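Engineer: One file: input_26.cif (mmCIF, C-alpha atoms).
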data_target
loop_
_atom_site.group_PDB
_atom_site.id
_atom_site.type_symbol
_atom_site.label_atom_id
_atom_site.label_comp_id
_atom_site.auth_asym_id
_atom_site.auth_seq_id
_atom_site.Cartn_x
_atom_site.Cartn_y
_atom_site.Cartn_z
ATOM 1 C CA MET A 33 25.147 138.385 105.673
ATOM 2 C CA ARG A 34 26.887 140.876 103.402
ATOM 3 C CA PHE A 35 25.541 139.671 100.065
ATOM 4 C CA GLU A 36 22.138 140.070 98.452
ATOM 5 C CA SER A 37 22.333 137.122 96.099
ATOM 6 C CA LEU A 38 24.389 134.028 95.469
ATOM 7 C CA SER A 39 25.870 135.491 92.305
ATOM 8 C CA ALA A 40 26.925 138.631 94.199
ATOM 9 C CA PHE A 41 28.616 136.315 96.703
ATOM 10 C CA PHE A 42 30.607 134.574 93.986
ATOM 11 C CA TYR A 43 31.384 137.770 92.057
ATOM 12 C CA MET A 44 32.369 139.959 95.072
ATOM 13 C CA ASP A 45 32.511 143.141 92.988
ATOM 14 C CA GLY A 46 35.059 141.632 90.639
ATOM 15 C CA HIS A 47 37.383 140.346 93.378
ATOM 16 C CA GLY A 48 35.743 136.920 93.423
ATOM 17 C CA VAL A 49 38.351 135.297 91.167
ATOM 18 C CA TYR A 50 41.183 136.247 93.529
ATOM 19 C CA ILE A 51 39.307 135.463 96.719
ATOM 20 C CA TRP A 52 38.109 132.051 95.562
ATOM 21 C CA ALA A 53 41.511 131.141 94.125
ATOM 22 C CA ALA A 54 43.173 132.007 97.452
ATOM 23 C CA TYR A 55 40.607 130.107 99.535
ATOM 24 C CA GLY A 56 40.713 127.139 97.160
ATOM 25 C CA LEU A 57 44.485 126.916 97.361
ATOM 26 C CA THR A 58 44.367 127.149 101.156
ATOM 27 C CA LEU A 59 41.887 124.289 101.289
ATOM 28 C CA VAL A 60 44.048 122.139 99.005
ATOM 29 C CA ILE A 61 47.271 122.750 100.961
ATOM 30 C CA LEU A 62 45.709 122.240 104.394
ATOM 31 C CA ALA A 63 43.889 119.087 103.227
ATOM 32 C CA ALA A 64 47.105 117.692 101.720
ATOM 33 C CA ASN A 65 48.906 118.351 105.007
ATOM 34 C CA LEU A 66 46.256 116.347 106.818
ATOM 35 C CA TRP A 67 45.967 113.555 104.271
ATOM 36 C CA TRP A 68 49.707 112.903 103.984
ATOM 37 C CA PRO A 69 50.456 111.775 107.587
ATOM 38 C CA MET A 70 47.207 109.778 107.695
ATOM 39 C CA LEU A 71 48.272 107.846 104.591
ATOM 40 C CA ALA A 72 51.816 107.441 105.924
ATOM 41 C CA ARG A 73 50.503 106.056 109.203
ATOM 42 C CA ARG A 74 48.418 103.433 107.384
ATOM 43 C CA ASN A 75 51.425 102.359 105.329
ATOM 44 C CA ILE A 76 53.713 102.189 108.369
ATOM 45 C CA ILE A 77 51.277 99.991 110.265
ATOM 46 C CA ARG A 78 50.701 97.734 107.253
ATOM 47 C CA THR A 79 54.420 97.296 106.503
ATOM 48 C CA ALA A 80 55.335 96.699 110.135
ATOM 49 C CA LYS A 81 52.609 94.106 110.588
ATOM 50 C CA SER A 82 53.545 92.140 107.484
ATOM 51 C CA ALA A 83 57.197 92.248 108.571
ATOM 52 C CA MET A 84 56.190 90.906 111.982
ATOM 53 C CA LEU A 85 54.198 88.058 110.381
ATOM 54 C CA LYS A 86 57.114 87.193 108.113
ATOM 55 C CA GLY A 87 59.443 87.186 111.105
ATOM 56 C CA MET A 88 57.183 84.762 112.940
ATOM 57 C CA ASN A 89 56.996 82.385 109.956
ATOM 58 C CA SER A 90 60.731 82.263 109.347
ATOM 59 C CA GLN A 91 61.308 81.262 112.979
ATOM 60 C CA ARG A 92 59.605 77.932 112.336
ATOM 61 C CA PRO A 93 61.959 75.536 110.511
ATOM 62 C CA GLU A 94 59.155 73.278 109.205
ATOM 63 C CA ASP A 95 57.896 76.143 107.015
ATOM 64 C CA GLN A 96 61.119 76.267 105.037
ATOM 65 C CA SER A 97 60.513 73.128 102.924
ATOM 66 C CA MET B 232 61.114 120.795 135.428
ATOM 67 C CA LEU B 233 64.180 119.038 134.045
ATOM 68 C CA ASN B 234 62.664 115.724 134.993
ATOM 69 C CA TRP B 235 59.501 116.585 133.090
ATOM 70 C CA PHE B 236 61.635 117.647 130.142
ATOM 71 C CA HIS B 237 63.377 114.305 130.025
ATOM 72 C CA ARG B 238 60.176 112.368 130.423
ATOM 73 C CA LEU B 239 58.610 114.132 127.435
ATOM 74 C CA GLY B 240 61.857 113.574 125.566
ATOM 75 C CA SER B 241 61.210 109.838 125.718
ATOM 76 C CA PRO B 242 59.557 108.720 122.466
ATOM 77 C CA LYS B 243 57.338 106.233 124.285
ATOM 78 C CA ILE B 244 55.942 108.787 126.733
ATOM 79 C CA PHE B 245 55.496 111.396 124.011
ATOM 80 C CA PHE B 246 53.653 108.831 121.918
ATOM 81 C CA GLU B 247 51.290 107.993 124.796
ATOM 82 C CA ILE B 248 50.513 111.593 125.742
ATOM 83 C CA SER B 249 50.159 112.873 122.168
ATOM 84 C CA GLY B 250 47.818 109.990 121.365
ATOM 85 C CA ARG B 251 45.278 111.527 123.711
ATOM 86 C CA TRP B 252 45.658 115.041 122.283
ATOM 87 C CA GLN B 253 45.876 114.692 118.553
ATOM 88 C CA VAL B 254 42.215 114.020 117.712
ATOM 89 C CA PRO B 255 40.633 116.735 119.945
ATOM 90 C CA LEU B 256 43.250 119.207 118.654
ATOM 91 C CA LEU B 257 42.516 118.345 115.046
ATOM 92 C CA VAL B 258 38.716 118.453 115.453
ATOM 93 C CA LEU B 259 38.850 121.811 117.249
ATOM 94 C CA SER B 260 41.144 123.316 114.616
ATOM 95 C CA VAL B 261 39.006 122.134 111.695
ATOM 96 C CA LEU B 262 35.865 123.519 113.363
ATOM 97 C CA MET B 263 37.565 126.865 113.956
ATOM 98 C CA LEU B 264 38.967 126.980 110.422
ATOM 99 C CA THR B 265 35.533 126.311 108.938
ATOM 100 C CA GLY B 266 33.785 128.802 111.202
ATOM 101 C CA GLY B 267 36.454 131.464 110.757
ATOM 102 C CA ALA B 268 36.473 131.098 106.963
ATOM 103 C CA ALA B 269 32.662 131.287 106.812
ATOM 104 C CA TRP B 270 32.743 134.409 108.972
ATOM 105 C CA ALA B 271 35.453 135.991 106.813
ATOM 106 C CA LEU B 272 33.630 135.218 103.570
ATOM 107 C CA LEU B 273 30.055 136.007 104.588
ATOM 108 C CA PHE B 274 29.953 138.548 107.401
ATOM 109 C CA VAL B 275 33.087 140.672 107.431
ATOM 110 C CA PRO B 276 32.377 144.154 106.005
ATOM 111 C CA PRO B 277 34.266 145.043 102.806
ATOM 112 C CA ASP B 278 37.247 147.309 103.442
ATOM 113 C CA TYR B 279 36.703 150.934 102.453
ATOM 114 C CA GLN B 280 39.878 150.922 100.345
ATOM 115 C CA GLN B 281 40.307 147.289 99.295
ATOM 116 C CA GLY B 282 36.693 146.226 98.965
ATOM 117 C CA HIS B 283 36.031 142.515 99.164
ATOM 118 C CA SER B 284 39.631 141.468 98.554
ATOM 119 C CA VAL B 285 40.284 142.129 102.254
ATOM 120 C CA ARG B 286 38.759 138.672 102.847
ATOM 121 C CA ILE B 287 42.042 137.175 101.653
ATOM 122 C CA MET B 288 43.669 138.653 104.771
ATOM 123 C CA TYR B 289 41.969 135.973 106.890
ATOM 124 C CA ILE B 290 43.894 133.165 105.215
ATOM 125 C CA HIS B 291 47.064 135.051 104.295
ATOM 126 C CA VAL B 292 48.005 136.714 107.605
ATOM 127 C CA PRO B 293 47.714 133.526 109.734
ATOM 128 C CA ALA B 294 49.802 131.627 107.159
ATOM 129 C CA ALA B 295 52.476 134.332 107.205
ATOM 130 C CA ILE B 296 52.545 134.425 111.017
ATOM 131 C CA LEU B 297 52.845 130.655 111.191
ATOM 132 C CA ALA B 298 55.520 130.503 108.493
ATOM 133 C CA GLN B 299 57.742 132.552 110.796
ATOM 134 C CA SER B 300 56.811 131.100 114.163
ATOM 135 C CA GLY B 301 57.058 127.599 112.662
ATOM 136 C CA TYR B 302 60.658 128.435 111.871
ATOM 137 C CA VAL B 303 61.219 129.633 115.445
ATOM 138 C CA MET B 304 59.844 126.309 116.694
ATOM 139 C CA MET B 305 62.078 124.375 114.300
ATOM 140 C CA ALA B 306 65.142 126.341 115.416
ATOM 141 C CA GLY B 307 64.137 125.819 119.060
ATOM 142 C CA ALA B 308 63.926 122.062 118.541
ATOM 143 C CA ALA B 309 67.261 122.166 116.702
ATOM 144 C CA ALA B 310 68.879 123.939 119.663
ATOM 145 C CA VAL B 311 67.425 121.381 122.107
ATOM 146 C CA PHE B 312 68.829 118.586 119.958
ATOM 147 C CA LEU B 313 72.297 120.137 119.717
ATOM 148 C CA ILE B 314 72.538 120.969 123.427
ATOM 149 C CA TRP B 315 70.876 118.022 125.146
ATOM 150 C CA ARG B 316 71.084 115.402 122.349
ATOM 151 C CA ILE B 317 67.425 114.550 122.814
ATOM 152 C CA LYS B 318 66.502 112.386 119.833
ATOM 153 C CA LEU B 319 62.864 113.429 119.913
ATOM 154 C CA ALA B 320 63.955 116.998 119.169
ATOM 155 C CA ASP B 321 65.620 115.754 115.984
ATOM 156 C CA VAL B 322 62.367 114.005 115.052
ATOM 157 C CA ALA B 323 60.548 117.290 115.682
ATOM 158 C CA VAL B 324 62.940 119.205 113.370
ATOM 159 C CA LYS B 325 62.527 116.621 110.640
ATOM 160 C CA CYS B 326 58.727 116.616 110.892
ATOM 161 C CA ILE B 327 58.155 120.369 111.028
ATOM 162 C CA ALA B 328 60.236 121.255 107.945
ATOM 163 C CA PRO B 329 57.799 120.085 105.217
ATOM 164 C CA LEU B 330 54.870 121.496 107.192
ATOM 165 C CA GLY B 331 56.562 124.877 107.550
ATOM 166 C CA ALA B 332 57.561 124.900 103.884
ATOM 167 C CA SER B 333 53.980 124.273 102.774
ATOM 168 C CA ILE B 334 52.600 127.038 105.030
ATOM 169 C CA THR B 335 55.269 129.476 103.788
ATOM 170 C CA PHE B 336 54.352 128.576 100.224
ATOM 171 C CA LEU B 337 50.712 129.252 101.112
ATOM 172 C CA ALA B 338 51.612 132.644 102.585
ATOM 173 C CA LEU B 339 53.593 133.572 99.451
ATOM 174 C CA VAL B 340 50.918 132.517 96.968
ATOM 175 C CA THR B 341 47.906 133.937 98.844
ATOM 176 C CA GLY B 342 49.947 137.133 99.219
ATOM 177 C CA ALA B 343 50.565 137.244 95.469
ATOM 178 C CA ILE B 344 46.870 136.668 94.772
ATOM 179 C CA TRP B 345 45.959 139.415 97.240
ATOM 180 C CA GLY B 346 48.590 141.740 95.739
ATOM 181 C CA LYS B 347 47.071 141.681 92.276
ATOM 182 C CA PRO B 348 43.768 143.465 93.074
ATOM 183 C CA THR B 349 45.199 145.683 95.861
ATOM 184 C CA TRP B 350 48.681 146.691 94.593
ATOM 185 C CA GLY B 351 48.127 145.929 90.909
ATOM 186 C CA THR B 352 50.970 143.424 90.794
ATOM 187 C CA TRP B 353 51.530 139.772 91.779
ATOM 188 C CA TRP B 354 55.052 140.254 93.030
ATOM 189 C CA VAL B 355 57.590 142.935 93.845
ATOM 190 C CA TRP B 356 61.137 142.339 95.038
ATOM 191 C CA ASP B 357 60.622 144.272 98.219
ATOM 192 C CA ALA B 358 62.214 143.360 101.531
ATOM 193 C CA ARG B 359 59.221 141.633 103.138
ATOM 194 C CA LEU B 360 58.413 139.472 100.145
ATOM 195 C CA THR B 361 62.026 138.610 99.369
ATOM 196 C CA SER B 362 62.877 137.655 102.943
ATOM 197 C CA THR B 363 59.778 135.446 103.092
ATOM 198 C CA LEU B 364 60.928 133.763 99.890
ATOM 199 C CA VAL B 365 64.301 133.189 101.579
ATOM 200 C CA LEU B 366 62.406 131.631 104.508
ATOM 201 C CA PHE B 367 60.774 129.210 102.078
ATOM 202 C CA PHE B 368 64.191 128.244 100.664
ATOM 203 C CA LEU B 369 65.553 127.736 104.188
ATOM 204 C CA TYR B 370 62.817 125.197 104.896
ATOM 205 C CA ILE B 371 63.529 123.525 101.547
ATOM 206 C CA GLY B 372 67.234 123.486 102.427
ATOM 207 C CA VAL B 373 66.591 121.660 105.699
ATOM 208 C CA ILE B 374 64.426 119.095 103.875
ATOM 209 C CA ALA B 375 66.992 118.626 101.077
ATOM 210 C CA LEU B 376 69.912 118.278 103.471
ATOM 211 C CA ARG B 377 68.036 115.625 105.421
ATOM 212 C CA SER B 378 67.170 113.582 102.372
ATOM 213 C CA ALA B 379 70.718 113.875 101.020
ATOM 214 C CA MET B 380 72.253 112.651 104.296
ATOM 215 C CA GLU B 381 69.459 110.326 105.379
ATOM 216 C CA ARG B 382 71.631 107.250 105.858
ATOM 217 C CA GLN B 383 74.590 108.983 107.439
ATOM 218 C CA ALA B 384 75.202 109.649 111.092
ATOM 219 C CA GLY B 385 75.244 113.379 111.701
ATOM 220 C CA ALA B 386 72.306 114.161 109.414
ATOM 221 C CA GLY B 387 70.375 115.420 112.430
ATOM 222 C CA ARG B 388 73.255 117.622 113.585
ATOM 223 C CA ALA B 389 73.768 119.106 110.115
ATOM 224 C CA CYS B 390 70.054 119.911 109.742
ATOM 225 C CA ALA B 391 69.937 121.417 113.233
ATOM 226 C CA ILE B 392 72.907 123.678 112.483
ATOM 227 C CA LEU B 393 71.394 124.802 109.176
ATOM 228 C CA ALA B 394 68.072 125.518 110.910
ATOM 229 C CA LEU B 395 69.859 127.631 113.537
ATOM 230 C CA VAL B 396 71.907 129.585 110.997
ATOM 231 C CA GLY B 397 68.684 130.485 109.158
ATOM 232 C CA VAL B 398 67.363 132.272 112.255
ATOM 233 C CA VAL B 399 69.190 135.447 111.114
ATOM 234 C CA ASN B 400 66.519 135.784 108.432
ATOM 235 C CA LEU B 401 63.694 136.154 110.974
ATOM 236 C CA PRO B 402 64.422 139.690 112.234
ATOM 237 C CA VAL B 403 64.861 140.718 108.599
ATOM 238 C CA ILE B 404 61.299 139.570 107.850
ATOM 239 C CA LYS B 405 59.905 141.116 110.996
ATOM 240 C CA PHE B 406 61.468 144.551 110.669
ATOM 241 C CA SER B 407 61.596 144.720 106.867
ATOM 242 C CA VAL B 408 58.427 146.829 106.781
ATOM 243 C CA GLU B 409 60.040 149.339 109.155
ATOM 244 C CA TRP B 410 63.664 149.337 107.940
ATOM 245 C CA TRP B 411 62.893 149.816 104.270
ATOM 246 C CA TYR B 412 60.195 151.649 102.452
ATOM 247 C CA THR B 413 58.161 148.788 101.028
ATOM 248 C CA LEU B 414 54.879 148.092 99.350
ATOM 249 C CA HIS B 415 53.920 145.661 102.079
ATOM 250 C CA GLN B 416 51.888 147.201 104.850
ATOM 251 C CA PRO B 417 53.144 147.079 108.467
ATOM 252 C CA ALA B 418 51.837 144.433 110.832
ATOM 253 C CA SER B 419 48.086 144.498 111.301
ATOM 254 C CA PHE B 420 48.365 142.739 114.634
ATOM 255 C CA SER B 421 50.525 143.405 117.658
ATOM 256 C CA LEU B 422 50.648 141.853 121.100
ATOM 257 C CA THR B 423 51.156 145.194 122.803
ATOM 258 C CA GLU B 424 48.754 147.563 121.085
ATOM 259 C CA LYS B 425 45.077 147.660 120.401
ATOM 260 C CA PRO B 426 44.290 146.718 116.802
ATOM 261 C CA ALA B 427 43.437 149.589 114.472
ATOM 262 C CA MET B 428 40.690 147.533 112.879
ATOM 263 C CA PRO B 429 37.124 147.419 114.181
ATOM 264 C CA VAL B 430 36.212 144.352 116.232
ATOM 265 C CA GLU B 431 34.112 142.741 113.486
ATOM 266 C CA MET B 432 37.263 142.632 111.363
ATOM 267 C CA TRP B 433 39.937 141.551 113.849
ATOM 268 C CA LEU B 434 37.970 138.991 115.845
ATOM 269 C CA PRO B 435 37.592 136.550 112.911
ATOM 270 C CA LEU B 436 41.284 137.144 112.129
ATOM 271 C CA LEU B 437 42.200 136.186 115.684
ATOM 272 C CA ILE B 438 40.090 133.040 115.370
ATOM 273 C CA MET B 439 41.851 132.108 112.137
ATOM 274 C CA VAL B 440 45.300 132.682 113.648
ATOM 275 C CA VAL B 441 44.487 130.408 116.610
ATOM 276 C CA ALA B 442 42.920 127.832 114.258
ATOM 277 C CA TYR B 443 46.032 127.760 112.048
ATOM 278 C CA TYR B 444 48.216 127.274 115.136
ATOM 279 C CA LEU B 445 46.088 124.375 116.405
ATOM 280 C CA PHE B 446 46.033 122.768 112.967
ATOM 281 C CA PHE B 447 49.789 123.179 112.682
ATOM 282 C CA PHE B 448 50.363 121.518 116.066
ATOM 283 C CA ALA B 449 47.952 118.681 115.262
ATOM 284 C CA ILE B 450 49.713 117.876 111.970
ATOM 285 C CA TRP B 451 53.158 118.233 113.547
ATOM 286 C CA ILE B 452 52.160 115.731 116.246
ATOM 287 C CA MET B 453 50.771 113.294 113.656
ATOM 288 C CA ARG B 454 54.025 113.436 111.691
ATOM 289 C CA ILE B 455 56.166 113.015 114.829
ATOM 290 C CA ARG B 456 54.145 109.957 115.854
ATOM 291 C CA ASN B 457 54.720 108.371 112.440
ATOM 292 C CA GLU B 458 58.441 109.016 112.669
ATOM 293 C CA ILE B 459 58.574 107.545 116.189
ATOM 294 C CA LEU B 460 56.850 104.382 114.933
ATOM 295 C CA LEU B 461 59.452 104.072 112.166
ATOM 296 C CA ARG B 462 62.473 104.690 114.366
ATOM 297 C CA GLU B 463 61.308 102.555 117.286
ATOM 298 C CA LYS B 464 59.772 99.727 115.295
ATOM 299 C CA ASN B 465 62.036 97.108 116.866
ATOM 300 C CA THR B 466 61.171 98.022 120.444
ATOM 301 C CA ASP B 467 58.744 95.976 122.504
ATOM 302 C CA TRP B 468 56.311 98.784 123.162
ATOM 303 C CA VAL B 469 55.855 99.533 119.439
ATOM 304 C CA LYS B 470 55.353 95.833 118.738
ATOM 305 C CA GLN B 471 52.726 95.678 121.470
ATOM 306 C CA TRP B 472 51.053 98.793 120.106
ATOM 307 C CA LEU B 473 51.030 97.320 116.600
ATOM 308 C CA ALA B 474 49.631 94.017 117.801
ATOM 309 C CA VAL B 475 46.279 95.587 118.672
ATOM 310 C CA ARG B 476 45.957 97.634 115.446
#
Could I get this file's structure written as structure tokens?

Structural biologist:
Amino acid sequence: MRFESLSAFFYMDGHGVYIWAAYGLTLVILAANLWWPMLARRNIIRTAKSAMLKGMNSQRPEDQS
Amino acid sequence: MLNWFHRLGSPKIFFEISGRWQVPLLVLSVLMLTGGAAWALLFVPPDYQQGHSVRIMYIHVPAAILAQSGYVMMAGAAAVFLIWRIKLADVAVKCIAPLGASITFLALVTGAIWGKPTWGTWWVWDARLTSTLVLFFLYIGVIALRSAMERQAGAGRACAILALVGVVNLPVIKFSVEWWYTLHQPASFSLTEKPAMPVEMWLPLLIMVVAYYLFFFAIWIMRIRNEILLREKNTDWVKQWLAVR
């Protein structure tokens, strides 16, 4: 451990603002990269399944009344 | 070899194999990213010239490395698509472009943030920084071209050609710190020489570089799988796969 106190850890001899901004941005961009395809996958599965259900219903003529 | 190549070029087989790899890859990369970042923030000694701001190196250098090698991978996939007409390669080009753009953006912004306390400025128009900005615009160009031509045949070919043309920018980035006198320091890492840094500084950097690569591959695979599901949604195997979700 390179720091004597928690405040020294956050301050980092005055470089804290830059270091935490850079790490924060990295976290946001990496998390967004992960979140985006996970969300897309959920939407793709949901849309495809509802399309499949619709397709099944329209094949039955008695449902068209 | 060629047989293996064609097998992996089949969307169905790629989907099956990548399904087994994506979660372990993602978990490993997140563990390494967390561990590497904690090491960089807590245990790395402050640099004798830069002080604590050297900790930004551990997130900036891997992003910059990946911004470039991501482009090499995109151009490689583009070449495979143009030569062998393998559709999966086109999917790979489409899926890597936004990922590469975001990592290049990260490299540019973390570099600017690091520049302020070490060089005294956020940005200079020197060769390394400018050519990396051009790299960012090349990624954006590939994305924009795709979305402009989405419904036309030949969108894949046009994107692949643009991706290949942009390769000329890569040696400019790589050698910019040697060709011109710039503010940006030369490479801190090389495959052929021993690093000039002490081990307690370069080992966490190596971990972060590997972690970024693994993360990049995991996300690329996730995006490719989504695109395969969209393009193959009328095939039997996708319908069967969906039926059990």

Engineer: Please check the contacts: residues of chain B at most 6 Å away from chain A, using only C-alpha atoms, listed as a list in words.

Structural biologist: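 Using only C-alpha atoms, chain B residues at most 6 Å from chain A: Leu273, Phe274, Ser284, Ile287, Thr341, Ile344, Arg454 and Asn457 of chain B.
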
Engineer: Looking at only C-alpha atoms, which of B:Thr363, B:Ala474, B:Tyr443, B:Lys464 is the one that sits closest to B:Leu259?

Structural biologist: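 The shortest atom-to-atom distance to B:Leu259 comes from B:Tyr443.
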
Engineer: So how far away is atom CA of B:Trp433 from atom CA of B:Ala332, in Å?

Structural biologist: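 About the pair atom CA of B:Ala332 and atom CA of B:Trp433: they are 26.2 Å apart.
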
Engineer: Pick out the closest residue to B:Ile455 from this set: B:Lys347, B:Gly301, B:Ala391, B:Leu330. Count only C-alpha atoms.

Structural biologist: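 Nearest to B:Ile455: B:Leu330.
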
Engineer: Please return stretch 298-309 of chain B, rebuilt to N, CA and C atoms, as a short mmCIF file (atom, residue, chain, number, x, y, z; two decimals), in the coordinates of the input.

Structural biologist:
data_model
loop_
_atom_site.label_atom_id
_atom_site.label_comp_id
_atom_site.auth_asym_id
_atom_site.auth_seq_id
_atom_site.Cartn_x
_atom_site.Cartn_y
_atom_site.Cartn_z
N ALA B 298 54.30 130.79 109.24
CA ALA B 298 55.52 130.50 108.49
C ALA B 298 56.74 130.91 109.32
N GLN B 299 56.62 132.07 109.98
CA GLN B 299 57.74 132.55 110.80
C GLN B 299 57.82 131.84 112.13
N SER B 300 56.69 131.71 112.84
CA SER B 300 56.81 131.10 114.16
C SER B 300 57.08 129.60 114.04
N GLY B 301 56.67 128.99 112.91
CA GLY B 301 57.06 127.60 112.66
C GLY B 301 58.57 127.47 112.58
N TYR B 302 59.19 128.48 111.96
CA TYR B 302 60.66 128.44 111.87
C TYR B 302 61.30 128.60 113.24
N VAL B 303 60.71 129.48 114.08
CA VAL B 303 61.22 129.63 115.44
C VAL B 303 61.14 128.31 116.18
N MET B 304 60.00 127.60 116.02
CA MET B 304 59.84 126.31 116.69
C MET B 304 60.87 125.30 116.19
N MET B 305 61.10 125.30 114.86
CA MET B 305 62.08 124.38 114.30
C MET B 305 63.47 124.67 114.85
N ALA B 306 63.83 125.96 114.89
CA ALA B 306 65.14 126.34 115.42
C ALA B 306 65.25 126.00 116.90
N GLY B 307 64.15 126.17 117.64
CA GLY B 307 64.14 125.82 119.06
C GLY B 307 64.40 124.33 119.25
N ALA B 308 63.71 123.51 118.46
CA ALA B 308 63.93 122.06 118.54
C ALA B 308 65.35 121.71 118.15
N ALA B 309 65.88 122.41 117.14
CA ALA B 309 67.26 122.17 116.70
C ALA B 309 68.24 122.47 117.83
#
